[in-house]
Amino acid sequence: MRKYNYKELKELINTDYLTFNHIIESKHIFNQEFIKFRKFFKGLTKKITYVKDTEYNRELEKYVPIKRQVNSYFSSGTTEYYFTLTTENVVDLNIADIQKDFPNLKKDYDLLLSLKSNVRSGRRPKDLEKDYEAERLRKAQEEDKATCGICHQYWELVDMNGDKNIIADHGFTISKYGNGRNGVCFGARFHSWEKSPESKIQYVKIVLKPQLKRIIEAKPTQKTVDHLNAWINLWKPKNDYYLSRSYDEKRRMDKPEEPEFILPGQQIGYTLGKVRNINLSLITEIWFEYKSKFENEIEIFETAIKNWTLKPTPREQLTK
């Protein structure tokens, strides 16, 4: 699961608040909106609790009573994000910061609950929807943000390495010990998409085309099929033994890793444990669909590069 930092969590909450405030201002609330925001506020206002549980102690070779921590959760009312509020998911999390930055959470939760009798069925009609794109543009204008050429979100413009007005680092997580960043978006440190297509040009050159070359070179053969079938034959008896064990025994065992057909660039491959007939036709079809995905993505990027035109940033649009 992806990890977040507190700044990203705060932006998600702010985004949800834009939607919630629009619901209140429109004086209309619909069933799905009520359900989502009830989860949203409940998760952010719920305190950490503890429940009695048992845990297997390897030294004592028996289950011992423990108190298991039950953390609150973040459930977005707008973007469908869901994760437990722990430092495993939000690396620099401090629950007190949430209460400090959003002091009206409990008050707004009570306001939402007070609207329960007014909840309407069905979906919000178009004439009552919020213009989210206009809202994003207005916010980008106020904060002098511009568009990343890869993720197409608005991000801060900064001066870096002697270059001015480039897209700031974003999309990253902080490393476990706080001494580095992991997974920075490729579009960071380039000029914004409004000013240059270079981020897309380099992404096609450095990422997409080399990846496609590796995928083409990984075209399966009968040798690939034989290897996968051998892996499955080794896995099946181990898995059958695991499934035949009791619940308590399973808790002390590692579940056998299910065989996968993994292609270059994939973290999760095509699982094969329940597939009855592993043959070259099936594996080639999986490979072809994956290859086609990258070919289509390259075509989309190259079309965007071909049609690129110089545009004003959101802040510059205010002066036009």
# chains A, B, ... in the order shown; residues from 1 in each chain; ligands from 1
>>> residues_around(residues="A:Thr45", least_positions_apart="3", cutoff="12 Å", atoms="only C-alpha atoms", output="MDAnalysis selection string")
chainID A and resid 38:42 48 71:75 85 95:96 98:99 102:110
>>> write_last_selection(atoms="C-alpha atoms", output="tab-separated table (two decimals), in the first residue's frame")
chain	number	residue	atom	x	y	z
A	38	ARG	CA	-20.05	10.22	8.23
A	39	LYS	CA	-17.11	7.82	7.78
A	40	PHE	CA	-14.80	10.76	7.05
A	41	PHE	CA	-15.61	12.64	10.27
A	42	LYS	CA	-15.95	9.51	12.40
A	48	ILE	CA	-7.22	5.45	19.68
A	71	ASN	CA	-6.34	3.17	15.45
A	72	SER	CA	-8.69	5.62	13.87
A	73	TYR	CA	-8.81	5.77	10.07
A	74	PHE	CA	-8.98	8.18	7.20
A	75	SER	CA	-11.87	7.59	4.82
A	85	LEU	CA	-4.05	6.58	10.70
A	95	ILE	CA	-2.75	12.98	15.57
A	96	ALA	CA	-2.49	16.21	17.55
A	98	ILE	CA	-4.92	16.99	12.77
A	99	GLN	CA	-6.83	18.38	15.76
A	102	PHE	CA	-8.82	21.16	11.77
A	103	PRO	CA	-10.27	22.31	15.11
A	104	ASN	CA	-13.89	22.17	13.90
A	105	LEU	CA	-13.99	18.46	13.07
A	106	LYS	CA	-16.31	17.56	15.97
A	107	LYS	CA	-18.55	20.57	15.33
A	108	ASP	CA	-18.82	19.76	11.61
A	109	TYR	CA	-19.48	16.09	12.40
A	110	ASP	CA	-22.40	17.13	14.62
>>> select_by_dssp(residues="stretch 86-291 of chain A", states="alpha helix (DSSP H)", output="PyMOL selection string")
chain A and resi 95-101+105-114+132-143+198-203+209-217+222-244+247-251+280-291
>>> select_by_dssp(residues="stretch 137-230 of chain A", states="strand (DSSP E)", output="PyMOL selection string")
chain A and resi 145-147+154-160+163-167+173-174+181-182
>>> write_last_selection(atoms="N, CA and C atoms", output="PDB file, in the first residue's frame")
ATOM      1  N   LYS A 145       0.692  27.961  -8.506  1.00  0.00           N
ATOM      2  CA  LYS A 145       1.056  26.599  -8.886  1.00  0.00           C
ATOM      3  C   LYS A 145       0.855  26.427 -10.391  1.00  0.00           C
ATOM      4  N   ALA A 146       1.511  25.405 -10.954  1.00  0.00           N
ATOM      5  CA  ALA A 146       1.366  25.109 -12.378  1.00  0.00           C
ATOM      6  C   ALA A 146       1.282  23.600 -12.561  1.00  0.00           C
ATOM      7  N   THR A 147       1.052  23.161 -13.792  1.00  0.00           N
ATOM      8  CA  THR A 147       0.728  21.760 -14.066  1.00  0.00           C
ATOM      9  C   THR A 147       1.967  20.899 -14.287  1.00  0.00           C
ATOM     10  N   TYR A 154      -1.682  20.287 -10.102  1.00  0.00           N
ATOM     11  CA  TYR A 154      -1.039  21.578  -9.862  1.00  0.00           C
ATOM     12  C   TYR A 154      -0.057  21.445  -8.690  1.00  0.00           C
ATOM     13  N   TRP A 155       1.188  21.967  -8.890  1.00  0.00           N
ATOM     14  CA  TRP A 155       2.196  21.934  -7.836  1.00  0.00           C
ATOM     15  C   TRP A 155       2.945  23.262  -7.801  1.00  0.00           C
ATOM     16  N   GLU A 156       3.644  23.487  -6.685  1.00  0.00           N
ATOM     17  CA  GLU A 156       4.359  24.740  -6.475  1.00  0.00           C
ATOM     18  C   GLU A 156       5.454  24.943  -7.522  1.00  0.00           C
ATOM     19  N   LEU A 157       5.688  26.199  -7.859  1.00  0.00           N
ATOM     20  CA  LEU A 157       6.810  26.582  -8.715  1.00  0.00           C
ATOM     21  C   LEU A 157       7.946  27.061  -7.826  1.00  0.00           C
ATOM     22  N   VAL A 158       9.142  26.528  -8.046  1.00  0.00           N
ATOM     23  CA  VAL A 158      10.285  26.873  -7.200  1.00  0.00           C
ATOM     24  C   VAL A 158      11.498  27.149  -8.082  1.00  0.00           C
ATOM     25  N   ASP A 159      12.512  27.762  -7.478  1.00  0.00           N
ATOM     26  CA  ASP A 159      13.813  27.931  -8.136  1.00  0.00           C
ATOM     27  C   ASP A 159      14.735  26.830  -7.626  1.00  0.00           C
ATOM     28  N   MET A 160      15.370  26.115  -8.535  1.00  0.00           N
ATOM     29  CA  MET A 160      16.183  24.970  -8.128  1.00  0.00           C
ATOM     30  C   MET A 160      17.377  24.823  -9.060  1.00  0.00           C
ATOM     31  N   ASP A 163      17.821  27.187 -11.905  1.00  0.00           N
ATOM     32  CA  ASP A 163      16.716  27.306 -12.855  1.00  0.00           C
ATOM     33  C   ASP A 163      15.497  27.863 -12.127  1.00  0.00           C
ATOM     34  N   LYS A 164      14.728  28.716 -12.770  1.00  0.00           N
ATOM     35  CA  LYS A 164      13.605  29.373 -12.132  1.00  0.00           C
ATOM     36  C   LYS A 164      12.275  28.786 -12.589  1.00  0.00           C
ATOM     37  N   ASN A 165      11.299  28.862 -11.674  1.00  0.00           N
ATOM     38  CA  ASN A 165       9.914  28.470 -11.975  1.00  0.00           C
ATOM     39  C   ASN A 165       9.798  27.056 -12.530  1.00  0.00           C
ATOM     40  N   ILE A 166      10.327  26.101 -11.778  1.00  0.00           N
ATOM     41  CA  ILE A 166      10.170  24.700 -12.153  1.00  0.00           C
ATOM     42  C   ILE A 166       9.264  24.013 -11.137  1.00  0.00           C
ATOM     43  N   ILE A 167       8.729  22.866 -11.518  1.00  0.00           N
ATOM     44  CA  ILE A 167       7.796  22.141 -10.656  1.00  0.00           C
ATOM     45  C   ILE A 167       8.545  21.541  -9.464  1.00  0.00           C
ATOM     46  N   THR A 173       7.394   9.850  -0.783  1.00  0.00           N
ATOM     47  CA  THR A 173       7.239   9.525   0.633  1.00  0.00           C
ATOM     48  C   THR A 173       8.589   9.706   1.311  1.00  0.00           C
ATOM     49  N   ILE A 174       8.565   9.989   2.595  1.00  0.00           N
ATOM     50  CA  ILE A 174       9.798  10.133   3.369  1.00  0.00           C
ATOM     51  C   ILE A 174      10.313   8.750   3.747  1.00  0.00           C
ATOM     52  N   ARG A 181      13.956  10.981   0.318  1.00  0.00           N
ATOM     53  CA  ARG A 181      12.633  10.888  -0.281  1.00  0.00           C
ATOM     54  C   ARG A 181      12.594   9.720  -1.263  1.00  0.00           C
ATOM     55  N   ASN A 182      11.476   9.025  -1.284  1.00  0.00           N
ATOM     56  CA  ASN A 182      11.302   7.901  -2.192  1.00  0.00           C
ATOM     57  C   ASN A 182      10.136   8.180  -3.144  1.00  0.00           C
TER      58      ASN A 182
END
>>> residues_around(residues="A:Pro65", least_positions_apart="3", cutoff="8 Å", atoms="only C-alpha atoms", output="list in words")
Lys52, Asp53, Thr54 and Glu55 of chain A
>>> closest_atom_pairs(of="stretch 51-76 of chain A", to="stretch 250-269 of chain A", cutoff="12 Å", atoms="only C-alpha atoms", output="Markdown table")
| residue | atom | partner | partner_atom | distance |
| --- | --- | --- | --- | --- |
| A:Thr54 | CA | A:Arg251 | CA | 11.7 |
| A:Glu55 | CA | A:Arg251 | CA | 9.7 |
| A:Tyr56 | CA | A:Arg252 | CA | 7.9 |
| A:Asn57 | CA | A:Arg252 | CA | 10.0 |
| A:Arg58 | CA | A:Arg252 | CA | 8.9 |
| A:Glu61 | CA | A:Arg252 | CA | 10.3 |
| A:Lys62 | CA | A:Arg252 | CA | 10.6 |
| A:Tyr63 | CA | A:Arg252 | CA | 10.8 |
>>> write_last_selection(atoms="C-alpha atoms", output="short mmCIF file (atom, residue, chain, number, x, y, z; two decimals), in the first residue's frame")
data_model
loop_
_atom_site.label_atom_id
_atom_site.label_comp_id
_atom_site.auth_asym_id
_atom_site.auth_seq_id
_atom_site.Cartn_x
_atom_site.Cartn_y
_atom_site.Cartn_z
CA THR A 54 -4.40 -12.91 22.25
CA GLU A 55 -1.02 -13.22 20.58
CA TYR A 56 1.14 -16.27 20.05
CA ASN A 57 4.36 -16.03 22.09
CA ARG A 58 7.11 -18.09 20.44
CA GLU A 61 4.98 -21.51 22.85
CA LYS A 62 1.43 -20.51 23.68
CA TYR A 63 -1.09 -17.71 23.22
#
>>> decode(residues="stretch 12-35 of chain A", atoms="C-alpha atoms", output="mmCIF file, in the first residue's frame")
data_model
loop_
_atom_site.group_PDB
_atom_site.id
_atom_site.type_symbol
_atom_site.label_atom_id
_atom_site.label_comp_id
_atom_site.auth_asym_id
_atom_site.auth_seq_id
_atom_site.Cartn_x
_atom_site.Cartn_y
_atom_site.Cartn_z
ATOM 1 C CA LEU A 12 -6.772 15.215 1.109
ATOM 2 C CA ILE A 13 -8.694 16.524 4.117
ATOM 3 C CA ASN A 14 -8.794 20.036 2.642
ATOM 4 C CA THR A 15 -10.120 18.598 -0.636
ATOM 5 C CA ASP A 16 -12.861 16.784 1.266
ATOM 6 C CA TYR A 17 -13.721 19.956 3.132
ATOM 7 C CA LEU A 18 -14.239 21.775 -0.180
ATOM 8 C CA THR A 19 -16.869 19.174 -1.057
ATOM 9 C CA PHE A 20 -18.416 19.204 2.421
ATOM 10 C CA ASN A 21 -18.679 22.991 2.451
ATOM 11 C CA HIS A 22 -20.325 22.908 -0.971
ATOM 12 C CA ILE A 23 -22.883 20.391 0.335
ATOM 13 C CA ILE A 24 -23.695 22.669 3.267
ATOM 14 C CA GLU A 25 -23.880 25.777 1.071
ATOM 15 C CA SER A 26 -26.118 24.045 -1.490
ATOM 16 C CA LYS A 27 -28.581 23.081 1.281
ATOM 17 C CA HIS A 28 -28.952 19.644 -0.308
ATOM 18 C CA ILE A 29 -27.396 16.382 0.857
ATOM 19 C CA PHE A 30 -27.739 12.973 -0.791
ATOM 20 C CA ASN A 31 -27.484 9.503 0.702
ATOM 21 C CA GLN A 32 -24.027 8.522 -0.594
ATOM 22 C CA GLU A 33 -22.620 11.895 0.425
ATOM 23 C CA PHE A 34 -23.982 11.454 3.940
ATOM 24 C CA ILE A 35 -22.524 7.943 4.261
#
